[in-house]
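Enquirer: Supplied in structure tokens, the structure appears directly below.
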Amino acid sequence: MKPYLLFVLFFFAWFCTGFTVRAQVTADPGLPGPYAVARDTFDLGDLAFKPPSFPVSVELRGSVHYPSGLAGGPFPVVVFLHGRHVTAYKVSNPSVVNGKWPPDPGFTSITSFEGYDYFASTLASQGFIVISVSANGINAADAGTSDAGMNARAELVQKHLDLWKGYNTVGGTPFGTKFVGKLDMKRIGTMGHSRGGEGVVFHALLNRSLGSPYGIKAVLTLAPVNFYRQLLNDVPLMNIAPYCDGDVAGLNGVHYYDDARFTTTDTTPKYSVLLLGGNHNFFNTVWTPGSYKGGGASDDWMVYANPLDPWCGKSATSGRLDTGEQKAALTTYGCAFFRTHVTTDTSFLPILEVEDTHPPASSKLDSSQVFVSYHAPYKKRKDINRTSVVSNRLVNTLSGTVNSVGMVSSTICGGSISSMPSCMGGGGLKEPHAGTSSFDGLAAAALRWNNTSAYYENEIPGSDKDVTKYRSLSFRTAVNYVETFPARQLNFKVELVDSAGKTSSHKVSSVSHALFYQPGTTPSYLPKAMFNTVKMPLDSFKGINHTKVKSVRFLFNESDSGSVLVSDIAFSDIRKQPCGIAGAAFRDSLGTGYTVYFTDSSEKNEGDSLVLNWNFGDKVSGFKDTSSLRNPSHLFSKSGVFSVCLYLSVYRENGLVCRDTFCKNIALGPVGLNETPTYPVSIAPNPASDYLLVSGAMPGDVLELFTQYGQSVFKTSIGQTRIVLPVELSAGLYFAVIRTAHETMVHKIVLKK
Amino acid sequence: MPDRRSQRAPVFLWVAAGFFVDMHEVFAYICLYAKDLIMKNTLALLAGMALCFSVERGFAQPMLSAKIGTVSQVGQTVELSVAAEEPFYFAGNRYVLYVGIHPFLIARQTDTGGKGYLTFLIPASEFSALPEGGRMYLSYGEIVDMDESGARGEERASAVPNTCKYLGVFTAKMLVH
């Protein structure tokens, strides 16, 4: 073939691809894996288990999907817990159903636990053992309990894990020794749907309260209820919210994500997935009309809400997902989540961390139908503005100035802000992130503009200007549909400004559809404002000095007017270290007296080995001043501030690959009433509220406040007697450390609000 | 998920539902721009009526027939029953009985003879402290920021009648001794 013909053919092929070449194609997590899949069921009786917290006995029944032959185990485990649904149907007339347990004569049980077989099968093909458990007995009686059966659901899951621990060690009926040694009970993921969603949250907390006999590595809440607002930290969490949920129409699962964000000791990520056309029931084939022999199935949106809604209703032009699309979406994003966090497969991180916003082909969705939000662990991000307290309107989380120029309004709303508890004034089902009379919701910046020169700016102070450590700039946002006229998609630019005044900007629309105008018109239900993550690679902001980023601006020059809600503005995602340590770090907690417990929270690549060396900065304690344990404790010799350092060395097959160091000040207050300061500096009042009076200090002395866990929360030079305390300091016990040229002294003070 | 299919609706109801497709959008559009509050409220009521006619008729709609049943005291608990002509939904969310702004969430759910019952369990001390004349609503799912005037409840009941029903005003005299 002649060379020019090759060129023509190549050009033709390129032309036919529509000119788009994706720089990165992430692997598809929803495709079947290499294993053939087998399935069994087990049934130990309708009343085989009495949950301690529940008034009646319930069944121990379920199914298991596993790699056929079980060669090569032990395999990681995923447990499914279905939600609340009718429990039995009449054999002679399956459309007659009820919620009784055990089933009345002539009735048989509805097998809700089988409704996720499609997802279980894909996971099993990828190397998981998937156990789906029946919870009909709890559903039948939970309405009359004060916890809606949530503790019983947790106890039921734990009971099943106990049962499978037995199958995994000595075997038992009905499986004999088939599963002995085949389950890895230290690598378990859980998924709960609807009330099962809150059930698996309760379970993770129960398992932890029992000393974590099972390794719960990931928790997925699927269209869950969130009646009790339990806070689940320290485990990766994904919430999936279907926009057209007619049952749990408040999409209350968003609070699992929102509530878990700002705990500084949490090293795990949070994810939220919004399916713009999903409903509540279609994730479960038993609850889906036409796919189960028994009755009780329905399209929940049509039954509870409004079949005529232009987006969630039943017209041919609505935005609804069909049953196949909805199941495919769960399979794709659920597999990505469990493979990332129950195993160590990092292939799908670009999907979960919102770096690749193209939905995988297996999901059957496009990028306007699914939105992933991602909250990086504390040590992998730098919060620019949490938008969590009123003062964040003028001063951001880095203590930088916030400028709102030419805006109609710029306020902080929601959260615990009593003057504006919901950002759009309505709350309820149309504002899922809003709080209730019992619980706070999400706080956000409400930004409204009516001219194209308006902008919102967060200045970056001091040493925080160097952002080269991070890969991304991220925030969450939603259109405020109440204040956006006419109804339309919005857009704005994100601009970085360096110290020399150079700028670089990108439109939000270049990376995300998140500024869509929320669809639907059903009063009280739609539209709903759900926050979605927008993430921009910092490398894409070219022509500026990334070691001296002076400010981050939102330029509202793409839409002549509009209103948006914004939260979680942060630099995110630490660049990967060549050696594979994501960052040495540790947590500490006070024991009795001067004893402090340390917990290493460093992350490393699978397969690497770590050597740890601790130095507690307490020379008086002699040889006990160092330790090579992973999680040591140390009895400090006296009160004061100690610089504790953790030295990490990473080894691979070929030897040492790198080292990392993390140091942190630990403040220990006086123990006992007889220990009195020797330096004549006094602090009053005690308890204090919004200021401290310091007497006896010299110019240049420094006052620093530590929490009782050693976290520095405030530091200032003592230039004058009266020191105003930051308003965001919460009430509680603090150690006030005063450093002079000669010594360091510690006062215990109490802040009252 | 509803727990029982009911009879299909007559054809004329489906025709009526079809008529309200466009009306619904028209109402929403007009409400958006209406400056006058009274007009807004009137239109919202009309829109609610439109939706009332347009709800899915293929499934049980127990909320439409819900009403207060018996109220009795057993030990230190007042059992307040709400009855409907069809079994109540048996699904993920909770039924909440509001008396004024006071929510009650714990209820036994049963169905007998094709009728549905929710028996709310109210501590006697709380029952006796409830405001006389308080407006009572039964809601499927909580109503955020429920208010004494019942405006939130009324809004939900008129907009999505399948999930909220006004049950009248509370009086302690409804308790049968």
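Simple scheme: letters A, B, ... for chains in structure tokens order, numbers from 1 for residues in each chain, numbers from 1 for ligands in the order shown.
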Define the interface residues of chain A facing chain B as those within 7 Å, counting only C-alpha atoms, and report them as JSON, numbers by chain.
Expert: {"A": [83, 84, 85, 86, 95, 96, 97, 98, 143, 144, 145, 146, 194, 195, 247, 248, 296, 297, 298, 300, 302, 303, 304, 305, 306, 307, 308, 427, 428, 436, 437, 521, 523, 524]}
Enquirer: Quick one: pick out all alpha helix (DSSP H) residues within region 105-328 of chain A from a backbone DSSP run and write them as a PyMOL selection string.
Expert: chain A and resi 117-125+136-141+150-169+195-209+254-259+300-304+323-328
Enquirer: Nearest to Lys550 (chain A): which of A:Phe283, A:His203, A:Ser463, A:Ala376 is it, counting only C-alpha atoms?
Expert: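 With only C-alpha atoms as the atom set, the closest residue is A:Ser463.
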Enquirer: I want to know what sits within 7 Å of region 168-181 of chain A, based on only C-alpha atoms, with residues of the same chain fewer than 2 positions away left out; could you give that as number ranges by chain?
Expert: A: 42, 74, 164-166, 183
Enquirer: With C-alpha atoms kept, could you save the residues just selected as a PDB file, in the first residue's frame?
Expert:
ATOM      1  CA  PHE A  42     -28.952 -21.370  52.987  1.00  0.00           C
ATOM      2  CA  PRO A  74      -9.423 -16.912  50.551  1.00  0.00           C
ATOM      3  CA  TRP A 164     -19.818 -17.592  58.035  1.00  0.00           C
ATOM      4  CA  LYS A 165     -16.857 -17.484  60.351  1.00  0.00           C
ATOM      5  CA  GLY A 166     -17.965 -20.975  61.330  1.00  0.00           C
ATOM      6  CA  LEU A 183     -13.378 -16.361  53.097  1.00  0.00           C
TER       7      LEU A 183
END
Enquirer: With a distance cut-off of 8 Å and only C-alpha atoms, select the neighbouring residues of Val77 (chain A), excluding the residue or stretch itself and same-chain residues fewer than 4 positions from it, and output the selection as a list in words.
Expert: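 My reading of the contact set: Phe128, Ile129, Val130, Ile131, Leu183, Asp184, Met185, Arg187, Ile188, Gly189 and Val342 of chain A.
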Enquirer: For region 46-58 of chain A, please output as a PDB file with all heavy atoms, in the first residue's frame all residues within 6 Å (counting only C-alpha atoms; exclusion window: fewer than 6 positions along the same chain).
Expert:
ATOM      1  N   GLY A 137     -38.068 -10.805  58.788  1.00  0.00           N
ATOM      2  CA  GLY A 137     -38.549 -10.827  60.169  1.00  0.00           C
ATOM      3  C   GLY A 137     -38.411  -9.475  60.843  1.00  0.00           C
ATOM      4  O   GLY A 137     -39.266  -9.064  61.629  1.00  0.00           O
ATOM      5  N   ALA A 152     -31.317  -4.149  65.362  1.00  0.00           N
ATOM      6  CA  ALA A 152     -31.547  -5.552  65.009  1.00  0.00           C
ATOM      7  C   ALA A 152     -30.907  -5.879  63.662  1.00  0.00           C
ATOM      8  O   ALA A 152     -30.363  -6.969  63.461  1.00  0.00           O
ATOM      9  CB  ALA A 152     -33.040  -5.833  64.974  1.00  0.00           C
ATOM     10  N   GLU A 155     -27.332  -6.374  64.278  1.00  0.00           N
ATOM     11  CA  GLU A 155     -27.108  -7.664  64.949  1.00  0.00           C
ATOM     12  C   GLU A 155     -27.294  -8.824  63.986  1.00  0.00           C
ATOM     13  O   GLU A 155     -26.586  -9.835  64.071  1.00  0.00           O
ATOM     14  CB  GLU A 155     -28.070  -7.775  66.140  1.00  0.00           C
ATOM     15  CG  GLU A 155     -27.729  -6.796  67.263  1.00  0.00           C
ATOM     16  CD  GLU A 155     -28.916  -6.436  68.153  1.00  0.00           C
ATOM     17  OE1 GLU A 155     -30.025  -6.980  67.928  1.00  0.00           O
ATOM     18  OE2 GLU A 155     -28.752  -5.585  69.053  1.00  0.00           O
TER      19      GLU A 155
END
Enquirer: Write out as a list in words each polymer residue whose atoms come within 7 Å of Val390 (chain A), counting only C-alpha atoms; drop sequence neighbours fewer than 3 positions from it.
Expert: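 Answer for this query is Arg393, Ile412 and Ile417 of chain A.
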Enquirer: Can you write out the residues you just picked, keeping C-alpha atoms, as a CSV table (one decimal), in the first residue's frame?
Expert:
chain,number,residue,atom,x,y,z
A,393,ARG,CA,-18.1,34.6,54.6
A,412,ILE,CA,-23.0,31.4,54.5
A,417,ILE,CA,-26.3,28.7,61.2
Enquirer: Quick one: residues within 12 Å of region 28-38 of chain A, only C-alpha atoms, excluding same-chain residues fewer than 6 positions away - as a ChimeraX atom specification?
Expert: /A:63-73,75,117-130,327-340,345-352,356,358-364
